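Chemist: Contents of coords-v7.txt (compact mmCIF, N, CA and C atoms) are given next:
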# COMPACT_ATOMS: atom_id res chain seq x y z
N MET A 2 -56.87 -125.12 9.96
CA MET A 2 -55.86 -125.51 10.94
C MET A 2 -54.54 -125.75 10.20
N PRO A 3 -53.42 -125.22 10.73
CA PRO A 3 -52.15 -125.41 10.06
C PRO A 3 -51.70 -126.87 10.13
N THR A 4 -50.86 -127.25 9.19
CA THR A 4 -50.27 -128.58 9.20
C THR A 4 -48.76 -128.43 9.13
N PRO A 5 -48.01 -129.45 9.55
CA PRO A 5 -46.55 -129.36 9.43
C PRO A 5 -46.09 -129.05 8.01
N ALA A 6 -46.81 -129.52 6.98
CA ALA A 6 -46.42 -129.28 5.59
C ALA A 6 -46.43 -127.79 5.26
N ASP A 7 -47.27 -127.02 5.94
CA ASP A 7 -47.31 -125.57 5.73
C ASP A 7 -46.02 -124.89 6.19
N GLN A 8 -45.20 -125.61 6.95
CA GLN A 8 -44.03 -125.00 7.56
C GLN A 8 -42.73 -125.23 6.78
N VAL A 9 -42.77 -125.99 5.69
CA VAL A 9 -41.56 -126.27 4.92
C VAL A 9 -40.92 -124.96 4.47
N GLY A 10 -39.63 -124.84 4.74
CA GLY A 10 -38.88 -123.64 4.40
C GLY A 10 -38.84 -122.60 5.50
N ARG A 11 -39.64 -122.79 6.53
CA ARG A 11 -39.66 -121.83 7.63
C ARG A 11 -38.35 -121.91 8.40
N THR A 12 -37.86 -120.77 8.83
CA THR A 12 -36.61 -120.73 9.59
C THR A 12 -36.80 -119.93 10.87
N TRP A 13 -35.98 -120.25 11.84
CA TRP A 13 -35.91 -119.52 13.10
C TRP A 13 -34.47 -119.04 13.23
N PRO A 14 -34.24 -117.84 13.67
CA PRO A 14 -32.87 -117.35 13.84
C PRO A 14 -32.18 -118.08 15.00
N PRO A 15 -30.89 -117.89 15.14
CA PRO A 15 -30.20 -118.53 16.26
C PRO A 15 -30.91 -118.24 17.58
N GLY A 16 -31.00 -119.29 18.39
CA GLY A 16 -31.65 -119.16 19.70
C GLY A 16 -30.66 -118.73 20.77
N ASP A 17 -30.99 -119.04 22.00
CA ASP A 17 -30.14 -118.68 23.14
C ASP A 17 -28.77 -119.32 23.01
N THR A 18 -27.78 -118.68 23.59
CA THR A 18 -26.42 -119.20 23.59
C THR A 18 -26.29 -120.32 24.61
N TYR A 19 -25.70 -121.42 24.16
CA TYR A 19 -25.44 -122.58 25.02
C TYR A 19 -23.94 -122.61 25.31
N GLU A 20 -23.58 -122.64 26.58
CA GLU A 20 -22.18 -122.68 26.97
C GLU A 20 -21.79 -124.12 27.30
N VAL A 21 -20.82 -124.63 26.58
CA VAL A 21 -20.34 -126.01 26.77
C VAL A 21 -19.39 -126.03 27.97
N THR A 22 -19.68 -126.90 28.92
CA THR A 22 -18.84 -126.99 30.12
C THR A 22 -18.16 -128.35 30.20
N ARG A 23 -17.09 -128.40 30.95
CA ARG A 23 -16.40 -129.67 31.20
C ARG A 23 -17.35 -130.66 31.86
N ALA A 24 -18.13 -130.17 32.82
CA ALA A 24 -19.06 -131.05 33.55
C ALA A 24 -20.09 -131.64 32.61
N ALA A 25 -20.62 -130.84 31.68
CA ALA A 25 -21.63 -131.35 30.74
C ALA A 25 -21.03 -132.40 29.81
N ILE A 26 -19.81 -132.15 29.35
CA ILE A 26 -19.15 -133.13 28.49
C ILE A 26 -18.90 -134.43 29.25
N ALA A 27 -18.40 -134.32 30.46
CA ALA A 27 -18.12 -135.53 31.27
C ALA A 27 -19.40 -136.30 31.55
N ALA A 28 -20.48 -135.61 31.89
CA ALA A 28 -21.75 -136.29 32.17
C ALA A 28 -22.28 -136.99 30.92
N PHE A 29 -22.20 -136.32 29.76
CA PHE A 29 -22.68 -136.93 28.53
C PHE A 29 -21.81 -138.15 28.17
N ALA A 30 -20.51 -138.01 28.32
CA ALA A 30 -19.61 -139.13 28.02
C ALA A 30 -19.94 -140.33 28.91
N GLN A 31 -20.15 -140.09 30.18
CA GLN A 31 -20.49 -141.18 31.09
C GLN A 31 -21.83 -141.81 30.72
N ALA A 32 -22.82 -140.98 30.43
CA ALA A 32 -24.16 -141.49 30.11
C ALA A 32 -24.18 -142.31 28.83
N THR A 33 -23.30 -141.98 27.90
CA THR A 33 -23.29 -142.67 26.61
C THR A 33 -22.20 -143.73 26.50
N GLY A 34 -21.42 -143.90 27.55
CA GLY A 34 -20.37 -144.92 27.54
C GLY A 34 -19.14 -144.52 26.72
N ALA A 35 -18.97 -143.23 26.47
CA ALA A 35 -17.79 -142.75 25.74
C ALA A 35 -16.63 -142.67 26.74
N THR A 36 -15.64 -143.52 26.56
CA THR A 36 -14.59 -143.67 27.58
C THR A 36 -13.25 -143.04 27.22
N HIS A 37 -13.15 -142.36 26.09
CA HIS A 37 -11.86 -141.76 25.73
C HIS A 37 -11.45 -140.73 26.78
N PRO A 38 -10.20 -140.77 27.24
CA PRO A 38 -9.76 -139.81 28.26
C PRO A 38 -9.92 -138.35 27.87
N ALA A 39 -9.89 -138.02 26.58
CA ALA A 39 -10.00 -136.62 26.14
C ALA A 39 -11.35 -136.01 26.47
N HIS A 40 -12.34 -136.84 26.85
CA HIS A 40 -13.66 -136.31 27.23
C HIS A 40 -13.66 -135.78 28.67
N VAL A 41 -12.67 -136.19 29.47
CA VAL A 41 -12.68 -135.80 30.88
C VAL A 41 -11.33 -135.27 31.38
N ASP A 42 -10.28 -135.47 30.63
CA ASP A 42 -8.92 -135.11 31.06
C ASP A 42 -8.37 -134.02 30.13
N VAL A 43 -8.17 -132.83 30.70
CA VAL A 43 -7.70 -131.70 29.90
C VAL A 43 -6.36 -132.00 29.26
N ASP A 44 -5.44 -132.63 30.00
CA ASP A 44 -4.12 -132.93 29.44
C ASP A 44 -4.22 -133.90 28.27
N ALA A 45 -5.10 -134.90 28.39
CA ALA A 45 -5.28 -135.85 27.29
C ALA A 45 -5.84 -135.14 26.06
N ALA A 46 -6.80 -134.23 26.28
CA ALA A 46 -7.39 -133.48 25.16
C ALA A 46 -6.35 -132.56 24.52
N ARG A 47 -5.58 -131.88 25.34
CA ARG A 47 -4.55 -130.98 24.80
C ARG A 47 -3.47 -131.76 24.07
N GLY A 48 -3.20 -132.96 24.53
CA GLY A 48 -2.24 -133.82 23.84
C GLY A 48 -2.69 -134.18 22.44
N LEU A 49 -3.99 -134.10 22.19
CA LEU A 49 -4.54 -134.37 20.86
C LEU A 49 -4.74 -133.08 20.05
N GLY A 50 -4.35 -131.95 20.63
CA GLY A 50 -4.44 -130.68 19.92
C GLY A 50 -5.68 -129.86 20.21
N HIS A 51 -6.48 -130.26 21.19
CA HIS A 51 -7.69 -129.52 21.55
C HIS A 51 -7.38 -128.51 22.64
N ALA A 52 -8.13 -127.42 22.69
CA ALA A 52 -7.93 -126.39 23.69
C ALA A 52 -8.40 -126.82 25.08
N ASP A 53 -9.33 -127.77 25.13
CA ASP A 53 -9.89 -128.23 26.40
C ASP A 53 -10.50 -129.61 26.13
N VAL A 54 -11.21 -130.17 27.12
CA VAL A 54 -11.80 -131.49 26.90
C VAL A 54 -12.73 -131.42 25.69
N VAL A 55 -12.78 -132.53 24.96
CA VAL A 55 -13.54 -132.57 23.71
C VAL A 55 -14.80 -133.43 23.90
N ALA A 56 -15.88 -132.97 23.32
CA ALA A 56 -17.17 -133.66 23.47
C ALA A 56 -17.27 -134.85 22.53
N PRO A 57 -18.00 -135.90 22.94
CA PRO A 57 -18.31 -136.99 22.00
C PRO A 57 -19.09 -136.43 20.80
N PRO A 58 -19.04 -137.11 19.66
CA PRO A 58 -19.66 -136.59 18.44
C PRO A 58 -21.14 -136.25 18.54
N THR A 59 -21.89 -136.97 19.36
CA THR A 59 -23.34 -136.73 19.44
C THR A 59 -23.73 -135.80 20.59
N PHE A 60 -22.77 -135.15 21.20
CA PHE A 60 -23.00 -134.28 22.35
C PHE A 60 -24.05 -133.20 22.08
N LEU A 61 -24.12 -132.71 20.88
CA LEU A 61 -25.01 -131.59 20.57
C LEU A 61 -26.47 -131.98 20.39
N VAL A 62 -26.81 -133.23 20.69
CA VAL A 62 -28.20 -133.67 20.55
C VAL A 62 -29.14 -132.82 21.41
N GLY A 63 -28.72 -132.46 22.59
CA GLY A 63 -29.56 -131.66 23.47
C GLY A 63 -29.84 -130.28 22.91
N LEU A 64 -28.80 -129.63 22.39
CA LEU A 64 -28.97 -128.31 21.79
C LEU A 64 -29.87 -128.40 20.55
N ALA A 65 -29.64 -129.43 19.73
CA ALA A 65 -30.45 -129.60 18.51
C ALA A 65 -31.92 -129.84 18.87
N GLN A 66 -32.17 -130.68 19.86
CA GLN A 66 -33.57 -130.96 20.23
C GLN A 66 -34.23 -129.74 20.87
N SER A 67 -33.48 -128.97 21.63
CA SER A 67 -34.04 -127.73 22.19
C SER A 67 -34.42 -126.77 21.07
N SER A 68 -33.59 -126.72 20.05
CA SER A 68 -33.89 -125.85 18.91
C SER A 68 -35.11 -126.38 18.15
N ASP A 69 -35.18 -127.70 17.93
CA ASP A 69 -36.35 -128.29 17.26
C ASP A 69 -37.64 -128.00 18.01
N ALA A 70 -37.55 -127.86 19.32
CA ALA A 70 -38.74 -127.59 20.14
C ALA A 70 -39.39 -126.27 19.76
N ARG A 71 -38.62 -125.35 19.20
CA ARG A 71 -39.21 -124.07 18.77
C ARG A 71 -40.26 -124.31 17.70
N PHE A 72 -40.01 -125.27 16.81
CA PHE A 72 -41.00 -125.64 15.78
C PHE A 72 -42.18 -126.36 16.42
N VAL A 73 -41.89 -127.38 17.21
CA VAL A 73 -42.94 -128.23 17.78
C VAL A 73 -43.86 -127.42 18.69
N GLU A 74 -43.31 -126.50 19.46
CA GLU A 74 -44.11 -125.73 20.42
C GLU A 74 -44.83 -124.53 19.81
N ASP A 75 -44.51 -124.19 18.57
CA ASP A 75 -45.13 -123.04 17.92
C ASP A 75 -46.53 -123.42 17.44
N PRO A 76 -47.57 -122.74 17.90
CA PRO A 76 -48.92 -123.07 17.45
C PRO A 76 -49.08 -123.04 15.92
N ALA A 77 -48.29 -122.24 15.24
CA ALA A 77 -48.38 -122.16 13.78
C ALA A 77 -47.93 -123.45 13.09
N SER A 78 -47.23 -124.32 13.81
CA SER A 78 -46.75 -125.57 13.21
C SER A 78 -47.87 -126.59 13.04
N GLY A 79 -48.92 -126.47 13.84
CA GLY A 79 -49.99 -127.45 13.78
C GLY A 79 -49.64 -128.78 14.41
N VAL A 80 -48.57 -128.83 15.20
CA VAL A 80 -48.09 -130.07 15.80
C VAL A 80 -48.58 -130.19 17.24
N ASP A 81 -49.10 -131.36 17.57
CA ASP A 81 -49.47 -131.70 18.94
C ASP A 81 -48.28 -132.47 19.54
N PHE A 82 -47.58 -131.86 20.50
CA PHE A 82 -46.37 -132.45 21.06
C PHE A 82 -46.61 -133.88 21.55
N ALA A 83 -47.78 -134.18 22.04
CA ALA A 83 -48.08 -135.52 22.54
C ALA A 83 -48.02 -136.57 21.43
N ARG A 84 -48.03 -136.13 20.17
CA ARG A 84 -48.01 -137.06 19.04
C ARG A 84 -46.63 -137.15 18.38
N VAL A 85 -45.60 -136.49 18.95
CA VAL A 85 -44.27 -136.44 18.35
C VAL A 85 -43.38 -137.56 18.89
N VAL A 86 -42.73 -138.24 17.96
CA VAL A 86 -41.73 -139.27 18.29
C VAL A 86 -40.46 -138.90 17.54
N HIS A 87 -39.33 -138.96 18.23
CA HIS A 87 -38.05 -138.67 17.59
C HIS A 87 -37.67 -139.87 16.72
N GLY A 88 -37.51 -139.63 15.41
CA GLY A 88 -37.28 -140.74 14.50
C GLY A 88 -35.84 -140.96 14.11
N GLU A 89 -35.06 -139.88 13.95
CA GLU A 89 -33.72 -140.02 13.40
C GLU A 89 -32.93 -138.76 13.71
N GLN A 90 -31.61 -138.90 13.83
CA GLN A 90 -30.74 -137.76 14.08
C GLN A 90 -29.41 -138.00 13.38
N ARG A 91 -28.91 -136.97 12.69
CA ARG A 91 -27.58 -137.06 12.05
C ARG A 91 -26.80 -135.79 12.40
N PHE A 92 -25.49 -135.97 12.54
CA PHE A 92 -24.60 -134.85 12.84
C PHE A 92 -23.48 -134.80 11.82
N THR A 93 -23.20 -133.62 11.33
CA THR A 93 -22.01 -133.38 10.53
C THR A 93 -21.20 -132.34 11.29
N LEU A 94 -20.12 -132.80 11.90
CA LEU A 94 -19.29 -131.89 12.68
C LEU A 94 -18.32 -131.17 11.74
N HIS A 95 -18.28 -129.86 11.85
CA HIS A 95 -17.36 -129.05 11.07
C HIS A 95 -16.05 -128.84 11.81
N ARG A 96 -16.12 -129.03 13.12
CA ARG A 96 -14.95 -129.03 13.98
C ARG A 96 -15.36 -129.63 15.32
N PRO A 97 -14.38 -130.09 16.11
CA PRO A 97 -14.74 -130.67 17.41
C PRO A 97 -15.36 -129.63 18.35
N VAL A 98 -16.21 -130.11 19.23
CA VAL A 98 -16.82 -129.27 20.27
C VAL A 98 -15.99 -129.45 21.53
N VAL A 99 -15.56 -128.34 22.12
CA VAL A 99 -14.73 -128.40 23.32
C VAL A 99 -15.33 -127.54 24.42
N ALA A 100 -14.95 -127.87 25.66
CA ALA A 100 -15.39 -127.07 26.80
C ALA A 100 -14.97 -125.61 26.57
N GLY A 101 -15.87 -124.72 26.90
CA GLY A 101 -15.62 -123.30 26.69
C GLY A 101 -16.30 -122.76 25.45
N ASP A 102 -16.73 -123.64 24.54
CA ASP A 102 -17.45 -123.19 23.36
C ASP A 102 -18.76 -122.52 23.77
N ARG A 103 -19.13 -121.50 23.04
CA ARG A 103 -20.43 -120.86 23.16
C ARG A 103 -21.11 -121.07 21.82
N LEU A 104 -22.29 -121.68 21.83
CA LEU A 104 -22.93 -122.11 20.60
C LEU A 104 -24.39 -121.65 20.51
N VAL A 105 -24.84 -121.46 19.27
CA VAL A 105 -26.24 -121.14 18.99
C VAL A 105 -26.71 -122.04 17.85
N ALA A 106 -28.02 -122.23 17.76
CA ALA A 106 -28.59 -123.08 16.70
C ALA A 106 -29.68 -122.31 15.95
N ALA A 107 -29.55 -122.28 14.63
CA ALA A 107 -30.57 -121.71 13.76
C ALA A 107 -31.32 -122.87 13.11
N LEU A 108 -32.63 -122.83 13.15
CA LEU A 108 -33.50 -123.94 12.74
C LEU A 108 -34.18 -123.68 11.41
N THR A 109 -34.26 -124.73 10.58
CA THR A 109 -35.02 -124.68 9.33
C THR A 109 -35.83 -125.97 9.21
N VAL A 110 -37.09 -125.85 8.81
CA VAL A 110 -37.89 -127.03 8.47
C VAL A 110 -37.58 -127.34 7.01
N GLU A 111 -36.91 -128.46 6.80
CA GLU A 111 -36.43 -128.84 5.47
C GLU A 111 -37.52 -129.49 4.61
N SER A 112 -38.27 -130.43 5.21
CA SER A 112 -39.27 -131.13 4.42
C SER A 112 -40.30 -131.78 5.33
N VAL A 113 -41.44 -132.08 4.74
CA VAL A 113 -42.48 -132.86 5.42
C VAL A 113 -42.99 -133.84 4.39
N ARG A 114 -43.01 -135.10 4.78
CA ARG A 114 -43.62 -136.08 3.88
C ARG A 114 -44.59 -136.92 4.68
N ARG A 115 -45.66 -137.29 4.03
CA ARG A 115 -46.73 -138.06 4.66
C ARG A 115 -46.50 -139.53 4.37
N MET A 116 -46.57 -140.37 5.40
CA MET A 116 -46.39 -141.80 5.23
C MET A 116 -47.25 -142.53 6.25
N ALA A 117 -48.10 -143.39 5.75
CA ALA A 117 -48.96 -144.21 6.60
C ALA A 117 -49.74 -143.36 7.62
N GLY A 118 -50.20 -142.20 7.19
CA GLY A 118 -51.00 -141.34 8.06
C GLY A 118 -50.19 -140.49 9.02
N ASN A 119 -48.86 -140.57 8.96
CA ASN A 119 -47.98 -139.78 9.83
C ASN A 119 -47.25 -138.72 9.00
N ASP A 120 -46.88 -137.63 9.67
CA ASP A 120 -46.04 -136.62 9.02
C ASP A 120 -44.60 -136.86 9.47
N LEU A 121 -43.69 -137.00 8.51
CA LEU A 121 -42.27 -137.14 8.80
C LEU A 121 -41.64 -135.78 8.51
N VAL A 122 -41.25 -135.09 9.57
CA VAL A 122 -40.75 -133.72 9.47
C VAL A 122 -39.24 -133.74 9.62
N THR A 123 -38.54 -133.24 8.59
CA THR A 123 -37.08 -133.15 8.65
C THR A 123 -36.70 -131.71 8.96
N THR A 124 -35.92 -131.56 10.03
CA THR A 124 -35.43 -130.24 10.41
C THR A 124 -33.91 -130.22 10.31
N ARG A 125 -33.36 -129.02 10.11
CA ARG A 125 -31.91 -128.85 10.08
C ARG A 125 -31.55 -127.72 11.03
N ASN A 126 -30.57 -127.99 11.88
CA ASN A 126 -30.03 -126.97 12.76
C ASN A 126 -28.60 -126.68 12.37
N GLU A 127 -28.33 -125.43 12.04
CA GLU A 127 -26.95 -125.00 11.80
C GLU A 127 -26.45 -124.47 13.13
N ILE A 128 -25.53 -125.21 13.73
CA ILE A 128 -24.98 -124.85 15.03
C ILE A 128 -23.65 -124.15 14.79
N THR A 129 -23.56 -122.93 15.32
CA THR A 129 -22.39 -122.08 15.10
C THR A 129 -22.00 -121.41 16.41
N THR A 130 -20.89 -120.71 16.38
CA THR A 130 -20.58 -119.79 17.47
C THR A 130 -21.46 -118.56 17.27
N PRO A 131 -21.63 -117.73 18.30
CA PRO A 131 -22.42 -116.51 18.11
C PRO A 131 -21.85 -115.61 17.01
N GLU A 132 -20.56 -115.75 16.73
CA GLU A 132 -19.92 -114.96 15.68
C GLU A 132 -20.13 -115.56 14.29
N GLY A 133 -20.73 -116.77 14.23
CA GLY A 133 -21.04 -117.38 12.94
C GLY A 133 -20.10 -118.47 12.46
N GLU A 134 -19.12 -118.88 13.27
CA GLU A 134 -18.22 -119.97 12.87
C GLU A 134 -19.01 -121.28 12.86
N PRO A 135 -19.05 -122.00 11.72
CA PRO A 135 -19.76 -123.28 11.67
C PRO A 135 -19.13 -124.32 12.59
N VAL A 136 -19.97 -125.00 13.36
CA VAL A 136 -19.51 -126.05 14.26
C VAL A 136 -20.13 -127.39 13.88
N CYS A 137 -21.44 -127.41 13.62
CA CYS A 137 -22.14 -128.67 13.34
C CYS A 137 -23.42 -128.40 12.57
N THR A 138 -23.75 -129.31 11.67
CA THR A 138 -25.07 -129.32 11.05
C THR A 138 -25.77 -130.57 11.58
N SER A 139 -26.90 -130.36 12.22
CA SER A 139 -27.66 -131.47 12.79
C SER A 139 -28.99 -131.58 12.04
N THR A 140 -29.29 -132.77 11.58
CA THR A 140 -30.54 -133.02 10.88
C THR A 140 -31.36 -134.02 11.69
N SER A 141 -32.62 -133.67 11.92
CA SER A 141 -33.52 -134.53 12.70
C SER A 141 -34.72 -134.91 11.85
N MET A 142 -35.27 -136.08 12.15
CA MET A 142 -36.55 -136.45 11.55
C MET A 142 -37.49 -136.71 12.71
N LEU A 143 -38.55 -135.92 12.76
CA LEU A 143 -39.56 -136.05 13.79
C LEU A 143 -40.78 -136.71 13.17
N VAL A 144 -41.33 -137.69 13.85
CA VAL A 144 -42.54 -138.34 13.39
C VAL A 144 -43.71 -137.76 14.17
N VAL A 145 -44.63 -137.14 13.44
CA VAL A 145 -45.85 -136.62 14.06
C VAL A 145 -46.93 -137.64 13.73
N ARG A 146 -47.27 -138.44 14.74
CA ARG A 146 -48.22 -139.54 14.54
C ARG A 146 -49.60 -139.02 14.16
N GLY A 147 -50.20 -139.69 13.22
CA GLY A 147 -51.56 -139.33 12.80
C GLY A 147 -52.57 -139.78 13.84
N GLU A 148 -53.81 -139.48 13.56
CA GLU A 148 -54.91 -139.84 14.47
C GLU A 148 -55.08 -141.34 14.55
What's the structure tokens form of this structure?
Modeler:
Amino acid sequence: MPTPADQVGRTWPPGDTYEVTRAAIAAFAQATGATHPAHVDVDAARGLGHADVVAPPTFLVGLAQSSDARFVEDPASGVDFARVVHGEQRFTLHRPVVAGDRLVAALTVESVRRMAGNDLVTTRNEITTPEGEPVCTSTSMLVVRGE
């Protein structure tokens, strides 16, 4: 039976294109309590030099987690989704995310370490435009609970 440790170094190519919308940015800003006008007001965002409303820094969590699901849902990973807990998330933004962006995420399993009977799986998503412009590097740590 495969284990998450067997997957270290495995990569997945960019997945489906995600289109960033004003509505999605506004909903995320509201849900997370991000109150800066540039998240919902085009004029405020343009006044700061952005082409359109700008997303809060953690906006790409949904895209990153959808990309991580490719690992978790793959039978070759040896992971039982019912045993997965999201442990940690980090974002390195290479540029702001704005409405109108089209983004893709390429996934890599960076490491697996065993601790107290659990597998701690670190994944990295390189989020870019379909043309390859770097936008964000997202690193996640998934806890796969032991028996």
Chemist: Out of A:Val144, A:Val80, A:Ala106, A:Ala32, which residue has the shortest atom-to-atom distance to Asp7 in chain A when counting only C-alpha atoms?
Modeler: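 Comparing A:Val144, A:Val80, A:Ala106, A:Ala32 against Asp7 in chain A, the winner is A:Val80.
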Chemist: Record the distance separating atom C of Ala27 in chain A and CA of Ala46 in chain A, expressed in Å with one decimal.
Modeler: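 We find that atom C of Ala27 in chain A and CA of Ala46 in chain A lie 13.9 Å from each other.
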Chemist: Might you pull out every residue within 6.5 Å of His40 in chain A, with only N, CA and C atoms counted and same-chain residues fewer than 5 positions away left off, and present them as an NGL selection string?
Modeler: :A and (26-27 or 46 or 54-57)
Chemist: For the residues in the current selection, export N, CA and C atoms as a PDB file, in the coordinates of the input.
Modeler:
ATOM      1  N   ILE A  26     -19.810-132.150  29.350  1.00  0.00           N
ATOM      2  CA  ILE A  26     -19.150-133.130  28.490  1.00  0.00           C
ATOM      3  C   ILE A  26     -18.900-134.430  29.250  1.00  0.00           C
ATOM      4  N   ALA A  27     -18.400-134.320  30.460  1.00  0.00           N
ATOM      5  CA  ALA A  27     -18.120-135.530  31.270  1.00  0.00           C
ATOM      6  C   ALA A  27     -19.400-136.300  31.550  1.00  0.00           C
ATOM      7  N   ALA A  46      -6.800-134.230  26.280  1.00  0.00           N
ATOM      8  CA  ALA A  46      -7.390-133.480  25.160  1.00  0.00           C
ATOM      9  C   ALA A  46      -6.350-132.560  24.520  1.00  0.00           C
ATOM     10  N   VAL A  54     -11.210-130.170  27.120  1.00  0.00           N
ATOM     11  CA  VAL A  54     -11.800-131.490  26.900  1.00  0.00           C
ATOM     12  C   VAL A  54     -12.730-131.420  25.690  1.00  0.00           C
ATOM     13  N   VAL A  55     -12.780-132.530  24.960  1.00  0.00           N
ATOM     14  CA  VAL A  55     -13.540-132.570  23.710  1.00  0.00           C
ATOM     15  C   VAL A  55     -14.800-133.430  23.900  1.00  0.00           C
ATOM     16  N   ALA A  56     -15.880-132.970  23.320  1.00  0.00           N
ATOM     17  CA  ALA A  56     -17.170-133.660  23.470  1.00  0.00           C
ATOM     18  C   ALA A  56     -17.270-134.850  22.530  1.00  0.00           C
ATOM     19  N   PRO A  57     -18.000-135.900  22.940  1.00  0.00           N
ATOM     20  CA  PRO A  57     -18.310-136.990  22.000  1.00  0.00           C
ATOM     21  C   PRO A  57     -19.090-136.430  20.800  1.00  0.00           C
TER      22      PRO A  57
END
Chemist: Mind pulling up the distance from atom N of Val9 in chain A to CA of Val62 in chain A?
Modeler: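 Result for CA of Val62 in chain A versus atom N of Val9 in chain A: 22.2 Å, one decimal.
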Chemist: For Arg96 in chain A, work out the shell of residues within 8 Å, counting only C-alpha atoms and skipping chain neighbours fewer than 5 positions away, then give it as a tab-separated table (two decimals) with N, CA and C atoms, in the frame of the given file.
Modeler:
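Just written: out13.tsv:
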chain	number	residue	atom	x	y	z
A	135	PRO	N	-19.05	-122.00	11.72
A	135	PRO	CA	-19.76	-123.28	11.67
A	135	PRO	C	-19.13	-124.32	12.59
A	136	VAL	N	-19.97	-125.00	13.36
A	136	VAL	CA	-19.51	-126.05	14.26
A	136	VAL	C	-20.13	-127.39	13.88
A	137	CYS	N	-21.44	-127.41	13.62
A	137	CYS	CA	-22.14	-128.67	13.34
A	137	CYS	C	-23.42	-128.40	12.57
Chemist: Which residues come within 7 Å of Leu104 in chain A, counting all atoms listed in the file, excluding same-chain residues fewer than 2 positions away, as number ranges by chain?
Modeler: A: 16-21, 102, 106, 128-131
Chemist: Just give me the gap between CA of Gly79 in chain A and CA of Leu108 in chain A in Å, one decimal is fine.
Modeler: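 That distance, rounded to one decimal, is 16.9 Å.
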Chemist: Of the candidates A:Gly147, A:Gly34, A:Gly48, A:Pro5, which shows the shortest atom-to-atom distance to Gly118 in chain A, using only N, CA and C atoms?
Modeler: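 Under the stated criterion, the closest residue is A:Gly147.
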Chemist: Which is closest to Arg71 in chain A among A:Trp13, A:Gly88, A:Ser141, A:Glu134, if we use all atoms listed in the file?
Modeler: A:Trp13
Chemist: Give the strand (DSSP E or B) residues of chain A, as assigned by DSSP on the backbone, as a PyMOL selection string.
Modeler: chain A and resi 12-13+19-20+55+85-94+99+103-116+119-129+135-145
Chemist: To test your reading of the structure, identify every residue in range 5-148 of chain A that backbone DSSP assigns to alpha helix (DSSP H), and report it as number ranges by chain.
Modeler: A: 23-33, 43-48, 62-74
Chemist: From the set A:Gln90, A:Ser78, A:Thr138, A:Ser68, which residue has the shortest atom-to-atom contact distance to Pro15 in chain A, counting only C-alpha atoms?
Modeler: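 Of all the options, A:Ser68 lies closest to Pro15 in chain A.
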Chemist: Need the shell around Glu89 in chain A: protein/DNA/RNA residues with any atom at most 6 Å away, counting only N, CA and C atoms. Skip same-chain ones fewer than 2 positions apart. Format as a PyMOL selection string?
Modeler: chain A and resi 87+91+140-143
Chemist: Extending 6 Å beyond the listed atoms of range 18-29 of chain A on each side, what axis-aligned box results? I want centre and edge lengths in Å to one decimal, as JSON.
Modeler:
{"center_x": -22.1, "center_y": -128.4, "center_z": 28.6, "size_x": 23.4, "size_y": 31.5, "size_z": 22.0}
Chemist: In terms of the shortest atom-to-atom distance over only N, CA and C atoms, which of A:Thr36, A:Ser139, A:Ser67, A:Gln31 is closest to Arg125 in chain A?
Modeler: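 Closest to Arg125 in chain A, using only N, CA and C atoms: A:Ser139.
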Chemist: Find the residues around Thr12 in chain A up to 9 Å (only C-alpha atoms counted), leave out those fewer than 2 positions away in its own chain, and share them as a list in words.
Modeler: Gln8, Val9, Gly10, Pro14, Ala107, Leu108, Thr109 and Val110 of chain A
Chemist: Could you rebuild range 111-118 of chain A with N, CA, C and O atoms and give it back as a PDB file, keeping the file's coordinate frame?
Modeler:
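The new file part_29.pdb reads:
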ATOM      1  N   GLU A 111     -36.910-128.460   6.800  1.00  0.00           N
ATOM      2  CA  GLU A 111     -36.430-128.840   5.470  1.00  0.00           C
ATOM      3  C   GLU A 111     -37.520-129.490   4.610  1.00  0.00           C
ATOM      4  O   GLU A 111     -37.629-129.195   3.429  1.00  0.00           O
ATOM      5  N   SER A 112     -38.270-130.430   5.210  1.00  0.00           N
ATOM      6  CA  SER A 112     -39.270-131.130   4.420  1.00  0.00           C
ATOM      7  C   SER A 112     -40.300-131.780   5.330  1.00  0.00           C
ATOM      8  O   SER A 112     -40.049-131.987   6.516  1.00  0.00           O
ATOM      9  N   VAL A 113     -41.440-132.080   4.740  1.00  0.00           N
ATOM     10  CA  VAL A 113     -42.480-132.860   5.420  1.00  0.00           C
ATOM     11  C   VAL A 113     -42.990-133.840   4.390  1.00  0.00           C
ATOM     12  O   VAL A 113     -43.319-133.469   3.261  1.00  0.00           O
ATOM     13  N   ARG A 114     -43.010-135.100   4.780  1.00  0.00           N
ATOM     14  CA  ARG A 114     -43.620-136.080   3.880  1.00  0.00           C
ATOM     15  C   ARG A 114     -44.590-136.920   4.680  1.00  0.00           C
ATOM     16  O   ARG A 114     -44.400-137.176   5.861  1.00  0.00           O
ATOM     17  N   ARG A 115     -45.660-137.290   4.030  1.00  0.00           N
ATOM     18  CA  ARG A 115     -46.730-138.060   4.660  1.00  0.00           C
ATOM     19  C   ARG A 115     -46.500-139.530   4.370  1.00  0.00           C
ATOM     20  O   ARG A 115     -46.252-139.909   3.214  1.00  0.00           O
ATOM     21  N   MET A 116     -46.570-140.370   5.400  1.00  0.00           N
ATOM     22  CA  MET A 116     -46.390-141.800   5.230  1.00  0.00           C
ATOM     23  C   MET A 116     -47.250-142.530   6.250  1.00  0.00           C
ATOM     24  O   MET A 116     -47.141-142.280   7.454  1.00  0.00           O
ATOM     25  N   ALA A 117     -48.100-143.390   5.750  1.00  0.00           N
ATOM     26  CA  ALA A 117     -48.960-144.210   6.600  1.00  0.00           C
ATOM     27  C   ALA A 117     -49.740-143.360   7.620  1.00  0.00           C
ATOM     28  O   ALA A 117     -49.882-143.746   8.774  1.00  0.00           O
ATOM     29  N   GLY A 118     -50.200-142.200   7.190  1.00  0.00           N
ATOM     30  CA  GLY A 118     -51.000-141.340   8.060  1.00  0.00           C
ATOM     31  C   GLY A 118     -50.190-140.490   9.020  1.00  0.00           C
ATOM     32  O   GLY A 118     -50.757-139.763   9.830  1.00  0.00           O
TER      33      GLY A 118
END
